[in-house]
Amino acid sequence: MMETNTEPLKTIRDFIRYCTTRLYSSEATFNHGYQNPEEEAAFLVLRTLRIPLEYEDKFLDAALTNNERETVSNNISRRCDDLEPTAYITKEWWLTGFPFYVDERVLIPRSYIAELIEKNFDGLLPDPAHIRSILDMCTGSGCLAILLAEKFPQAEVDAVDISSEALEVAEINIADYELENRVYPIQSDLFENLQNTKYDLIISNPPYVTESSMEGLPQEYRYEPSLALVAGADGMDIIDRLLKEVKAHLNDNGILIVELGDGAENFKERFPNIEVTWLPTSGGKDQVFMIKKEQLPNA
């Protein structure tokens with residue numbers, strides 16, 4: 001760990017500048033949200049101090065107490081020296097303008113599906129007003145389930161994950177948004193504990209990292225649960241099971257939307273006879289696909 005004298009640093013502005021410099025000179029990568037050190041430094045310092053982001057300008061020149069200076073310095077070291085993700089340090093991350101509690105039990109919220117939810121799926125759903133039942137498979141922190149509940153106030157949402165620890169985090173977020181009566185965390189290995197339940201819409205951001213790619217991921221990803229990342233030699237193991245089981249859990253005219261990152265080519269090789277619609281996102285035109293119930297093969 002780099003030994004640095006932070007005694008001259010007094011104000012929040014000082015520490016944001018210092019953190020920015022440290023991030024630029026560190027081996028940190030910026031794949032979990034913020035794309036540049038300046039923005040991430042501001043978030044790390046302000047949220048360490050529990051200052052709402054909208055009040056940044058009001059407090060920039062406020063001097064810190066000795067205890068605050070020590071806490072901020074330690075968190076900057078955790079980020080820049082240990083390469084611990086900012087989200088785990090602050091126990092908070094934002095997705096499409098919504099804050100979520102996170103810790104090492106779940107992936108840091110990031111999903112191109114969130115963009116689609118924010119845009120109300122941009123006309124992809126035939127009749128959004130009639131969607132009453134939604135499933136978020138591999139929910140993790142529950143962030144997508146909550147975004148869906150906010151966007152579809154007439155619907156109930158099942159938030160499913162194999163990890164009981166992840167669901168503990170999801171429960172925190174569901175309670176924070178006061179959605180306990182509409183979003184239901186369920187522990188299940190895919191559809192194992194869902195029996196005959198059917199849905200109008202199923203979305204999933206499942207594990208899709210290949211075993212070989214996992215070895216080359218930046219250090220920040222080592223803090224995340226591998227169970228939520230890796231999915232076999234070609235990254236398609238969970239998606240394979242999902243496609244085989246999902247048809248029985250979709251209502252007539254039901255739709256499945258799946259995120260698979262950079263796995264489009266592996267998907268096409270693994271499932272050459274399955275036709276899907278690729279949905280444009282900020283990550284490209286091959287990160288998320290949609291398929292209707294009638295297009296799915298029989299199990």
# chains A, B, ... in the order shown; residues from 1 in each chain; ligands from 1
$ residues_around --residues "Ala155 (chain A)" --least-positions-apart "5" --cutoff "7 Å" --atoms "only C-alpha atoms" --output "ChimeraX atom specification"
/A:131-134,149
$ write_last_selection --atoms "all heavy atoms" --output "PDB file, in the first residue's frame"
ATOM      1  N   ILE A 131     -49.396  -6.316 -18.659  1.00  0.00           N
ATOM      2  CA  ILE A 131     -48.387  -7.163 -18.015  1.00  0.00           C
ATOM      3  C   ILE A 131     -48.636  -7.156 -16.511  1.00  0.00           C
ATOM      4  O   ILE A 131     -48.525  -6.126 -15.848  1.00  0.00           O
ATOM      5  CB  ILE A 131     -46.968  -6.671 -18.342  1.00  0.00           C
ATOM      6  CG1 ILE A 131     -46.657  -6.940 -19.819  1.00  0.00           C
ATOM      7  CG2 ILE A 131     -45.938  -7.353 -17.448  1.00  0.00           C
ATOM      8  CD1 ILE A 131     -45.293  -6.523 -20.254  1.00  0.00           C
ATOM      9  N   ARG A 132     -49.001  -8.309 -15.979  1.00  0.00           N
ATOM     10  CA  ARG A 132     -49.359  -8.427 -14.569  1.00  0.00           C
ATOM     11  C   ARG A 132     -48.369  -9.259 -13.765  1.00  0.00           C
ATOM     12  O   ARG A 132     -48.311  -9.140 -12.547  1.00  0.00           O
ATOM     13  CB  ARG A 132     -50.752  -9.085 -14.448  1.00  0.00           C
ATOM     14  CG  ARG A 132     -51.842  -8.355 -15.214  1.00  0.00           C
ATOM     15  CD  ARG A 132     -52.155  -7.022 -14.578  1.00  0.00           C
ATOM     16  NE  ARG A 132     -53.176  -6.296 -15.321  1.00  0.00           N
ATOM     17  CZ  ARG A 132     -53.637  -5.107 -14.985  1.00  0.00           C
ATOM     18  NH1 ARG A 132     -53.158  -4.507 -13.898  1.00  0.00           N
ATOM     19  NH2 ARG A 132     -54.561  -4.504 -15.717  1.00  0.00           N
ATOM     20  N   SER A 133     -47.608 -10.100 -14.450  1.00  0.00           N
ATOM     21  CA  SER A 133     -46.688 -10.993 -13.744  1.00  0.00           C
ATOM     22  C   SER A 133     -45.329 -10.971 -14.434  1.00  0.00           C
ATOM     23  O   SER A 133     -45.235 -11.191 -15.646  1.00  0.00           O
ATOM     24  CB  SER A 133     -47.239 -12.420 -13.709  1.00  0.00           C
ATOM     25  OG  SER A 133     -47.520 -12.879 -15.019  1.00  0.00           O
ATOM     26  N   ILE A 134     -44.296 -10.691 -13.648  1.00  0.00           N
ATOM     27  CA  ILE A 134     -42.947 -10.552 -14.180  1.00  0.00           C
ATOM     28  C   ILE A 134     -41.995 -11.380 -13.329  1.00  0.00           C
ATOM     29  O   ILE A 134     -42.147 -11.475 -12.112  1.00  0.00           O
ATOM     30  CB  ILE A 134     -42.494  -9.079 -14.175  1.00  0.00           C
ATOM     31  CG1 ILE A 134     -43.468  -8.202 -14.977  1.00  0.00           C
ATOM     32  CG2 ILE A 134     -41.083  -8.942 -14.735  1.00  0.00           C
ATOM     33  CD1 ILE A 134     -43.147  -6.710 -14.899  1.00  0.00           C
ATOM     34  N   ALA A 149     -40.789  -3.167 -11.166  1.00  0.00           N
ATOM     35  CA  ALA A 149     -41.955  -2.856 -10.341  1.00  0.00           C
ATOM     36  C   ALA A 149     -42.294  -1.367 -10.420  1.00  0.00           C
ATOM     37  O   ALA A 149     -43.474  -0.991 -10.432  1.00  0.00           O
ATOM     38  CB  ALA A 149     -41.694  -3.266  -8.901  1.00  0.00           C
TER      39      ALA A 149
END
$ residues_around --residues "region 278-292 of chain A" --least-positions-apart "4" --cutoff "8 Å" --atoms "only C-alpha atoms" --output "ChimeraX atom specification"
/A:112-113,115-116,253-264,296
$ write_last_selection --atoms "C-alpha atoms" --output "PDB file, in the first residue's frame"
ATOM      1  CA  TYR A 112     -28.208  -3.090 -20.357  1.00  0.00           C
ATOM      2  CA  ILE A 113     -31.670  -4.408 -19.541  1.00  0.00           C
ATOM      3  CA  GLU A 115     -31.759   0.855 -20.126  1.00  0.00           C
ATOM      4  CA  LEU A 116     -34.621  -1.007 -21.791  1.00  0.00           C
ATOM      5  CA  ASN A 253     -47.758 -14.092 -25.864  1.00  0.00           C
ATOM      6  CA  GLY A 254     -45.121 -14.089 -23.120  1.00  0.00           C
ATOM      7  CA  ILE A 255     -41.657 -12.690 -23.771  1.00  0.00           C
ATOM      8  CA  LEU A 256     -38.169 -13.596 -22.573  1.00  0.00           C
ATOM      9  CA  ILE A 257     -35.376 -10.986 -22.520  1.00  0.00           C
ATOM     10  CA  VAL A 258     -31.810 -12.093 -21.743  1.00  0.00           C
ATOM     11  CA  GLU A 259     -28.521 -10.252 -21.377  1.00  0.00           C
ATOM     12  CA  LEU A 260     -25.378 -12.154 -22.388  1.00  0.00           C
ATOM     13  CA  GLY A 261     -22.651  -9.556 -22.597  1.00  0.00           C
ATOM     14  CA  ASP A 262     -20.096 -10.339 -25.286  1.00  0.00           C
ATOM     15  CA  GLY A 263     -21.390 -13.889 -25.722  1.00  0.00           C
ATOM     16  CA  ALA A 264     -23.342 -13.424 -28.955  1.00  0.00           C
ATOM     17  CA  LEU A 296     -38.957 -21.135 -28.165  1.00  0.00           C
TER      18      LEU A 296
END
$ residues_around --residues "Ala231 (chain A)" --least-positions-apart "2" --cutoff "9 Å" --atoms "only C-alpha atoms" --output "count of residues only"
16
$ select_by_dssp --residues "region 137-277 of chain A" --states "strand (DSSP E)" --output "ChimeraX atom specification"
/A:137,156-161,183-187,199-204,250-259,277
$ residues_around --residues "region 162-174 of chain A" --least-positions-apart "2" --cutoff "10 Å" --atoms "only C-alpha atoms" --output "mmCIF file with all heavy atoms, in the first residue's frame"
data_model
loop_
_atom_site.group_PDB
_atom_site.id
_atom_site.type_symbol
_atom_site.label_atom_id
_atom_site.label_comp_id
_atom_site.auth_asym_id
_atom_site.auth_seq_id
_atom_site.Cartn_x
_atom_site.Cartn_y
_atom_site.Cartn_z
ATOM 1 N N PRO A 99 -30.734 4.412 -6.576
ATOM 2 C CA PRO A 99 -29.663 3.889 -5.715
ATOM 3 C C PRO A 99 -30.034 2.531 -5.121
ATOM 4 O O PRO A 99 -31.201 2.277 -4.796
ATOM 5 C CB PRO A 99 -29.562 4.942 -4.613
ATOM 6 C CG PRO A 99 -30.955 5.488 -4.495
ATOM 7 C CD PRO A 99 -31.552 5.432 -5.877
ATOM 8 N N PHE A 100 -29.019 1.674 -4.965
ATOM 9 C CA PHE A 100 -29.229 0.349 -4.389
ATOM 10 C C PHE A 100 -28.126 0.034 -3.384
ATOM 11 O O PHE A 100 -26.968 0.390 -3.599
ATOM 12 C CB PHE A 100 -29.248 -0.728 -5.478
ATOM 13 C CG PHE A 100 -30.378 -0.567 -6.453
ATOM 14 C CD1 PHE A 100 -30.167 0.048 -7.675
ATOM 15 C CD2 PHE A 100 -31.654 -1.004 -6.132
ATOM 16 C CE1 PHE A 100 -31.208 0.217 -8.571
ATOM 17 C CE2 PHE A 100 -32.705 -0.837 -7.026
ATOM 18 C CZ PHE A 100 -32.481 -0.224 -8.239
ATOM 19 N N TYR A 101 -28.508 -0.641 -2.308
ATOM 20 C CA TYR A 101 -27.527 -1.160 -1.373
ATOM 21 C C TYR A 101 -26.838 -2.369 -2.013
ATOM 22 O O TYR A 101 -27.494 -3.239 -2.610
ATOM 23 C CB TYR A 101 -28.196 -1.609 -0.065
ATOM 24 C CG TYR A 101 -27.228 -2.325 0.854
ATOM 25 C CD1 TYR A 101 -26.428 -1.599 1.735
ATOM 26 C CD2 TYR A 101 -27.084 -3.712 0.813
ATOM 27 C CE1 TYR A 101 -25.513 -2.241 2.567
ATOM 28 C CE2 TYR A 101 -26.170 -4.361 1.640
ATOM 29 C CZ TYR A 101 -25.390 -3.624 2.502
ATOM 30 O OH TYR A 101 -24.484 -4.265 3.306
ATOM 31 N N VAL A 102 -25.512 -2.434 -1.892
ATOM 32 C CA VAL A 102 -24.766 -3.588 -2.406
ATOM 33 C C VAL A 102 -23.625 -3.927 -1.458
ATOM 34 O O VAL A 102 -23.103 -3.065 -0.753
ATOM 35 C CB VAL A 102 -24.188 -3.346 -3.826
ATOM 36 C CG1 VAL A 102 -25.284 -3.198 -4.860
ATOM 37 C CG2 VAL A 102 -23.269 -2.127 -3.848
ATOM 38 N N ASP A 103 -23.267 -5.189 -1.448
ATOM 39 C CA ASP A 103 -22.039 -5.632 -0.792
ATOM 40 C C ASP A 103 -21.531 -6.861 -1.533
ATOM 41 O O ASP A 103 -22.049 -7.204 -2.611
ATOM 42 C CB ASP A 103 -22.240 -5.869 0.707
ATOM 43 C CG ASP A 103 -23.291 -6.941 1.020
ATOM 44 O OD1 ASP A 103 -23.452 -7.900 0.230
ATOM 45 O OD2 ASP A 103 -23.959 -6.822 2.071
ATOM 46 N N GLU A 104 -20.515 -7.532 -0.962
ATOM 47 C CA GLU A 104 -19.835 -8.613 -1.680
ATOM 48 C C GLU A 104 -20.705 -9.841 -1.912
ATOM 49 O O GLU A 104 -20.286 -10.791 -2.580
ATOM 50 C CB GLU A 104 -18.563 -9.006 -0.929
ATOM 51 C CG GLU A 104 -17.455 -7.967 -0.979
ATOM 52 C CD GLU A 104 -17.609 -6.883 0.081
ATOM 53 O OE1 GLU A 104 -18.686 -6.833 0.714
ATOM 54 O OE2 GLU A 104 -16.665 -6.090 0.262
ATOM 55 N N ARG A 105 -21.928 -9.854 -1.420
ATOM 56 C CA ARG A 105 -22.827 -10.976 -1.660
ATOM 57 C C ARG A 105 -23.480 -10.931 -3.034
ATOM 58 O O ARG A 105 -24.080 -11.919 -3.475
ATOM 59 C CB ARG A 105 -23.922 -11.020 -0.578
ATOM 60 C CG ARG A 105 -23.413 -11.380 0.812
ATOM 61 C CD ARG A 105 -24.490 -11.233 1.862
ATOM 62 N NE ARG A 105 -24.809 -9.832 2.134
ATOM 63 C CZ ARG A 105 -25.707 -9.429 3.028
ATOM 64 N NH1 ARG A 105 -26.392 -10.336 3.737
ATOM 65 N NH2 ARG A 105 -25.923 -8.139 3.231
ATOM 66 N N VAL A 106 -23.377 -9.794 -3.717
ATOM 67 C CA VAL A 106 -24.041 -9.634 -5.013
ATOM 68 C C VAL A 106 -23.119 -8.940 -5.996
ATOM 69 O O VAL A 106 -22.170 -8.253 -5.616
ATOM 70 C CB VAL A 106 -25.349 -8.818 -4.883
ATOM 71 C CG1 VAL A 106 -26.358 -9.538 -4.013
ATOM 72 C CG2 VAL A 106 -25.062 -7.412 -4.344
ATOM 73 N N LEU A 107 -23.430 -9.113 -7.279
ATOM 74 C CA LEU A 107 -22.748 -8.328 -8.298
ATOM 75 C C LEU A 107 -23.084 -6.855 -8.126
ATOM 76 O O LEU A 107 -24.166 -6.490 -7.668
ATOM 77 C CB LEU A 107 -23.196 -8.764 -9.705
ATOM 78 C CG LEU A 107 -22.806 -10.140 -10.219
ATOM 79 C CD1 LEU A 107 -23.252 -10.288 -11.664
ATOM 80 C CD2 LEU A 107 -21.312 -10.392 -10.098
ATOM 81 N N MET A 137 -35.099 -13.356 -13.277
ATOM 82 C CA MET A 137 -34.316 -14.562 -12.984
ATOM 83 C C MET A 137 -32.854 -14.189 -12.785
ATOM 84 O O MET A 137 -32.283 -13.468 -13.598
ATOM 85 C CB MET A 137 -34.470 -15.572 -14.119
ATOM 86 C CG MET A 137 -33.696 -16.862 -13.920
ATOM 87 S SD MET A 137 -34.230 -17.783 -12.457
ATOM 88 C CE MET A 137 -35.791 -18.471 -13.019
ATOM 89 N N CYS A 138 -32.237 -14.684 -11.721
ATOM 90 C CA CYS A 138 -30.872 -14.332 -11.321
ATOM 91 C C CYS A 138 -30.841 -12.873 -10.876
ATOM 92 O O CYS A 138 -30.063 -12.055 -11.369
ATOM 93 C CB CYS A 138 -29.870 -14.585 -12.443
ATOM 94 S SG CYS A 138 -29.916 -16.267 -13.115
ATOM 95 N N THR A 139 -31.663 -12.553 -9.905
ATOM 96 C CA THR A 139 -31.931 -11.163 -9.525
ATOM 97 C C THR A 139 -30.787 -10.475 -8.810
ATOM 98 O O THR A 139 -30.668 -9.255 -8.851
ATOM 99 C CB THR A 139 -33.209 -11.092 -8.667
ATOM 100 O OG1 THR A 139 -33.650 -9.754 -8.566
ATOM 101 C CG2 THR A 139 -32.985 -11.671 -7.269
ATOM 102 N N GLY A 140 -29.925 -11.232 -8.094
ATOM 103 C CA GLY A 140 -28.825 -10.600 -7.372
ATOM 104 C C GLY A 140 -29.334 -9.613 -6.340
ATOM 105 O O GLY A 140 -30.089 -9.960 -5.428
ATOM 106 N N SER A 141 -28.967 -8.350 -6.490
ATOM 107 C CA SER A 141 -29.356 -7.297 -5.545
ATOM 108 C C SER A 141 -30.825 -6.925 -5.641
ATOM 109 O O SER A 141 -31.310 -6.138 -4.822
ATOM 110 C CB SER A 141 -28.509 -6.047 -5.785
ATOM 111 O OG SER A 141 -28.762 -5.523 -7.082
ATOM 112 N N GLY A 142 -31.521 -7.466 -6.638
ATOM 113 C CA GLY A 142 -32.927 -7.122 -6.829
ATOM 114 C C GLY A 142 -33.137 -5.843 -7.607
ATOM 115 O O GLY A 142 -34.280 -5.376 -7.762
ATOM 116 N N CYS A 143 -32.079 -5.264 -8.154
ATOM 117 C CA CYS A 143 -32.188 -3.955 -8.796
ATOM 118 C C CYS A 143 -33.127 -3.973 -9.997
ATOM 119 O O CYS A 143 -33.987 -3.080 -10.133
ATOM 120 C CB CYS A 143 -30.813 -3.433 -9.186
ATOM 121 S SG CYS A 143 -29.842 -4.498 -10.259
ATOM 122 N N ALA A 145 -35.525 -6.154 -10.670
ATOM 123 C CA ALA A 145 -36.878 -6.439 -10.209
ATOM 124 C C ALA A 145 -37.544 -5.168 -9.695
ATOM 125 O O ALA A 145 -38.733 -4.915 -9.952
ATOM 126 C CB ALA A 145 -36.847 -7.511 -9.121
ATOM 127 N N ILE A 146 -36.795 -4.361 -8.979
ATOM 128 C CA ILE A 146 -37.327 -3.115 -8.443
ATOM 129 C C ILE A 146 -37.611 -2.119 -9.567
ATOM 130 O O ILE A 146 -38.660 -1.456 -9.578
ATOM 131 C CB ILE A 146 -36.350 -2.537 -7.406
ATOM 132 C CG1 ILE A 146 -36.372 -3.414 -6.148
ATOM 133 C CG2 ILE A 146 -36.676 -1.092 -7.070
ATOM 134 C CD1 ILE A 146 -35.242 -3.140 -5.183
ATOM 135 N N ALA A 159 -38.534 -12.130 -7.749
ATOM 136 C CA ALA A 159 -37.087 -11.911 -7.850
ATOM 137 C C ALA A 159 -36.392 -13.192 -7.405
ATOM 138 O O ALA A 159 -36.336 -13.500 -6.215
ATOM 139 C CB ALA A 159 -36.670 -10.736 -6.982
ATOM 140 N N VAL A 160 -35.855 -13.943 -8.369
ATOM 141 C CA VAL A 160 -35.356 -15.299 -8.112
ATOM 142 C C VAL A 160 -33.832 -15.346 -8.187
ATOM 143 O O VAL A 160 -33.224 -14.755 -9.094
ATOM 144 C CB VAL A 160 -35.966 -16.298 -9.116
ATOM 145 C CG1 VAL A 160 -35.306 -17.669 -8.992
ATOM 146 C CG2 VAL A 160 -37.473 -16.413 -8.889
ATOM 147 N N ASP A 176 -36.263 -0.974 1.147
ATOM 148 C CA ASP A 176 -35.932 0.444 0.967
ATOM 149 C C ASP A 176 -36.922 1.125 0.034
ATOM 150 O O ASP A 176 -37.247 2.307 0.216
ATOM 151 C CB ASP A 176 -34.511 0.594 0.419
ATOM 152 C CG ASP A 176 -33.442 0.359 1.481
ATOM 153 O OD1 ASP A 176 -33.797 0.336 2.677
ATOM 154 O OD2 ASP A 176 -32.265 0.184 1.100
ATOM 155 N N TYR A 177 -37.391 0.396 -0.969
ATOM 156 C CA TYR A 177 -38.350 0.956 -1.930
ATOM 157 C C TYR A 177 -39.800 0.649 -1.555
ATOM 158 O O TYR A 177 -40.713 0.948 -2.329
ATOM 159 C CB TYR A 177 -38.037 0.459 -3.345
ATOM 160 C CG TYR A 177 -36.867 1.185 -3.968
ATOM 161 C CD1 TYR A 177 -35.567 0.692 -3.855
ATOM 162 C CD2 TYR A 177 -37.056 2.390 -4.642
ATOM 163 C CE1 TYR A 177 -34.492 1.372 -4.396
ATOM 164 C CE2 TYR A 177 -35.987 3.075 -5.190
ATOM 165 C CZ TYR A 177 -34.704 2.565 -5.068
ATOM 166 O OH TYR A 177 -33.647 3.256 -5.615
ATOM 167 N N GLU A 178 -39.997 0.055 -0.382
ATOM 168 C CA GLU A 178 -41.329 -0.252 0.143
ATOM 169 C C GLU A 178 -42.157 -1.053 -0.870
ATOM 170 O O GLU A 178 -43.325 -0.773 -1.114
ATOM 171 C CB GLU A 178 -42.058 1.038 0.539
ATOM 172 C CG GLU A 178 -41.325 1.819 1.624
ATOM 173 C CD GLU A 178 -42.060 3.083 2.036
ATOM 174 O OE1 GLU A 178 -43.004 3.489 1.333
ATOM 175 O OE2 GLU A 178 -41.686 3.666 3.077
ATOM 176 N N LEU A 179 -41.518 -2.084 -1.413
ATOM 177 C CA LEU A 179 -42.168 -2.911 -2.434
ATOM 178 C C LEU A 179 -42.398 -4.346 -1.951
ATOM 179 O O LEU A 179 -42.573 -5.262 -2.756
ATOM 180 C CB LEU A 179 -41.324 -2.925 -3.709
ATOM 181 C CG LEU A 179 -41.314 -1.624 -4.517
ATOM 182 C CD1 LEU A 179 -40.220 -1.651 -5.574
ATOM 183 C CD2 LEU A 179 -42.672 -1.381 -5.168
ATOM 184 N N GLU A 180 -42.440 -4.543 -0.641
ATOM 185 C CA GLU A 180 -42.585 -5.893 -0.096
ATOM 186 C C GLU A 180 -43.872 -6.570 -0.555
ATOM 187 O O GLU A 180 -43.940 -7.806 -0.601
ATOM 188 C CB GLU A 180 -42.570 -5.857 1.436
ATOM 189 C CG GLU A 180 -41.254 -5.389 2.029
ATOM 190 C CD GLU A 180 -41.273 -3.909 2.382
ATOM 191 O OE1 GLU A 180 -41.966 -3.136 1.670
ATOM 192 O OE2 GLU A 180 -40.615 -3.534 3.360
ATOM 193 N N ASN A 181 -44.899 -5.792 -0.889
ATOM 194 C CA ASN A 181 -46.180 -6.362 -1.304
ATOM 195 C C ASN A 181 -46.282 -6.588 -2.806
ATOM 196 O O ASN A 181 -47.326 -7.038 -3.300
ATOM 197 C CB ASN A 181 -47.337 -5.460 -0.851
ATOM 198 C CG ASN A 181 -47.477 -5.423 0.658
ATOM 199 O OD1 ASN A 181 -47.225 -6.422 1.328
ATOM 200 N ND2 ASN A 181 -47.840 -4.267 1.188
ATOM 201 N N ARG A 182 -45.184 -6.290 -3.536
ATOM 202 C CA ARG A 182 -45.231 -6.465 -4.996
ATOM 203 C C ARG A 182 -44.008 -7.167 -5.568
ATOM 204 O O ARG A 182 -44.061 -7.704 -6.682
ATOM 205 C CB ARG A 182 -45.410 -5.112 -5.692
ATOM 206 C CG ARG A 182 -46.802 -4.512 -5.476
ATOM 207 C CD ARG A 182 -46.992 -3.250 -6.285
ATOM 208 N NE ARG A 182 -46.525 -3.437 -7.642
ATOM 209 C CZ ARG A 182 -45.698 -2.592 -8.270
ATOM 210 N NH1 ARG A 182 -45.250 -1.519 -7.659
ATOM 211 N NH2 ARG A 182 -45.331 -2.826 -9.513
ATOM 212 N N VAL A 183 -42.889 -7.134 -4.838
ATOM 213 C CA VAL A 183 -41.670 -7.800 -5.293
ATOM 214 C C VAL A 183 -41.329 -8.891 -4.282
ATOM 215 O O VAL A 183 -41.143 -8.607 -3.098
ATOM 216 C CB VAL A 183 -40.499 -6.813 -5.443
ATOM 217 C CG1 VAL A 183 -39.240 -7.549 -5.908
ATOM 218 C CG2 VAL A 183 -40.851 -5.706 -6.429
ATOM 219 N N TYR A 184 -41.226 -10.134 -4.770
ATOM 220 C CA TYR A 184 -41.095 -11.277 -3.876
ATOM 221 C C TYR A 184 -39.793 -12.030 -4.136
ATOM 222 O O TYR A 184 -39.627 -12.644 -5.202
ATOM 223 C CB TYR A 184 -42.285 -12.222 -4.066
ATOM 224 C CG TYR A 184 -43.619 -11.528 -3.905
ATOM 225 C CD1 TYR A 184 -44.388 -11.204 -5.016
ATOM 226 C CD2 TYR A 184 -44.093 -11.182 -2.645
ATOM 227 C CE1 TYR A 184 -45.608 -10.554 -4.880
ATOM 228 C CE2 TYR A 184 -45.312 -10.533 -2.493
ATOM 229 C CZ TYR A 184 -46.069 -10.218 -3.614
ATOM 230 O OH TYR A 184 -47.266 -9.567 -3.467
ATOM 231 N N PRO A 185 -38.848 -11.978 -3.201
ATOM 232 C CA PRO A 185 -37.604 -12.736 -3.364
ATOM 233 C C PRO A 185 -37.854 -14.229 -3.170
ATOM 234 O O PRO A 185 -38.513 -14.638 -2.205
ATOM 235 C CB PRO A 185 -36.698 -12.171 -2.268
ATOM 236 C CG PRO A 185 -37.639 -11.623 -1.242
ATOM 237 C CD PRO A 185 -38.867 -11.172 -1.970
ATOM 238 N N ILE A 186 -37.334 -15.033 -4.080
ATOM 239 C CA ILE A 186 -37.540 -16.484 -4.044
ATOM 240 C C ILE A 186 -36.198 -17.170 -4.311
ATOM 241 O O ILE A 186 -35.545 -16.888 -5.315
ATOM 242 C CB ILE A 186 -38.563 -16.940 -5.109
ATOM 243 C CG1 ILE A 186 -39.920 -16.271 -4.870
ATOM 244 C CG2 ILE A 186 -38.695 -18.461 -5.108
ATOM 245 C CD1 ILE A 186 -40.918 -16.522 -5.990
ATOM 246 N N GLN A 187 -35.812 -18.059 -3.418
ATOM 247 C CA GLN A 187 -34.595 -18.842 -3.661
ATOM 248 C C GLN A 187 -34.949 -20.036 -4.533
ATOM 249 O O GLN A 187 -35.836 -20.830 -4.213
ATOM 250 C CB GLN A 187 -33.965 -19.323 -2.361
ATOM 251 C CG GLN A 187 -32.635 -20.043 -2.591
ATOM 252 C CD GLN A 187 -31.974 -20.489 -1.297
ATOM 253 O OE1 GLN A 187 -32.594 -20.439 -0.240
ATOM 254 N NE2 GLN A 187 -30.720 -20.906 -1.382
ATOM 255 N N SER A 188 -34.246 -20.155 -5.652
ATOM 256 C CA SER A 188 -34.514 -21.255 -6.570
ATOM 257 C C SER A 188 -33.357 -21.395 -7.544
ATOM 258 O O SER A 188 -32.770 -20.398 -7.975
ATOM 259 C CB SER A 188 -35.819 -21.009 -7.347
ATOM 260 O OG SER A 188 -36.081 -22.073 -8.246
ATOM 261 N N ASP A 189 -33.035 -22.624 -7.880
ATOM 262 C CA ASP A 189 -32.078 -22.918 -8.942
ATOM 263 C C ASP A 189 -32.846 -22.854 -10.255
ATOM 264 O O ASP A 189 -33.489 -23.824 -10.653
ATOM 265 C CB ASP A 189 -31.454 -24.292 -8.720
ATOM 266 C CG ASP A 189 -30.387 -24.625 -9.750
ATOM 267 O OD1 ASP A 189 -30.160 -23.794 -10.664
ATOM 268 O OD2 ASP A 189 -29.791 -25.706 -9.666
ATOM 269 N N LEU A 190 -32.802 -21.686 -10.893
ATOM 270 C CA LEU A 190 -33.672 -21.376 -12.027
ATOM 271 C C LEU A 190 -35.124 -21.650 -11.636
ATOM 272 O O LEU A 190 -35.609 -21.104 -10.664
ATOM 273 C CB LEU A 190 -33.218 -22.128 -13.281
ATOM 274 C CG LEU A 190 -31.842 -21.691 -13.849
ATOM 275 C CD1 LEU A 190 -31.546 -22.410 -15.158
ATOM 276 C CD2 LEU A 190 -31.725 -20.186 -14.020
ATOM 277 N N PHE A 191 -35.830 -22.515 -12.382
ATOM 278 C CA PHE A 191 -37.275 -22.682 -12.156
ATOM 279 C C PHE A 191 -37.624 -23.797 -11.163
ATOM 280 O O PHE A 191 -38.794 -24.127 -10.997
ATOM 281 C CB PHE A 191 -37.962 -22.966 -13.496
ATOM 282 C CG PHE A 191 -37.851 -21.833 -14.484
ATOM 283 C CD1 PHE A 191 -36.888 -21.857 -15.481
ATOM 284 C CD2 PHE A 191 -38.704 -20.743 -14.409
ATOM 285 C CE1 PHE A 191 -36.779 -20.808 -16.388
ATOM 286 C CE2 PHE A 191 -38.599 -19.697 -15.309
ATOM 287 C CZ PHE A 191 -37.634 -19.729 -16.299
ATOM 288 N N GLU A 192 -36.613 -24.338 -10.504
ATOM 289 C CA GLU A 192 -36.820 -25.519 -9.667
ATOM 290 C C GLU A 192 -37.929 -25.330 -8.632
ATOM 291 O O GLU A 192 -38.750 -26.229 -8.406
ATOM 292 C CB GLU A 192 -35.503 -25.869 -8.970
ATOM 293 C CG GLU A 192 -35.513 -27.181 -8.232
ATOM 294 C CD GLU A 192 -34.131 -27.516 -7.685
ATOM 295 O OE1 GLU A 192 -33.311 -28.097 -8.432
ATOM 296 O OE2 GLU A 192 -33.862 -27.163 -6.520
ATOM 297 N N PRO A 225 -19.031 -12.198 -6.409
ATOM 298 C CA PRO A 225 -19.256 -13.650 -6.284
ATOM 299 C C PRO A 225 -19.127 -14.350 -7.633
ATOM 300 O O PRO A 225 -19.836 -14.018 -8.581
ATOM 301 C CB PRO A 225 -20.684 -13.737 -5.732
ATOM 302 C CG PRO A 225 -21.324 -12.435 -6.097
ATOM 303 C CD PRO A 225 -20.237 -11.414 -6.084
ATOM 304 N N LEU A 227 -20.044 -17.201 -8.479
ATOM 305 C CA LEU A 227 -21.276 -17.908 -8.821
ATOM 306 C C LEU A 227 -22.154 -17.082 -9.746
ATOM 307 O O LEU A 227 -22.885 -17.637 -10.575
ATOM 308 C CB LEU A 227 -22.047 -18.247 -7.535
ATOM 309 C CG LEU A 227 -23.398 -18.959 -7.683
ATOM 310 C CD1 LEU A 227 -23.200 -20.365 -8.249
ATOM 311 C CD2 LEU A 227 -24.122 -19.015 -6.336
ATOM 312 N N ALA A 228 -22.080 -15.760 -9.621
ATOM 313 C CA ALA A 228 -22.921 -14.874 -10.425
ATOM 314 C C ALA A 228 -22.252 -14.464 -11.731
ATOM 315 O O ALA A 228 -22.855 -13.728 -12.521
ATOM 316 C CB ALA A 228 -23.271 -13.627 -9.619
#
$ residues_around --residues "region 13-28 of chain A" --least-positions-apart "4" --cutoff "7 Å" --atoms "only C-alpha atoms" --output "VMD selection string"
chain A and resid 9 37 to 38 41 to 42 45 60 to 61 76 80 83
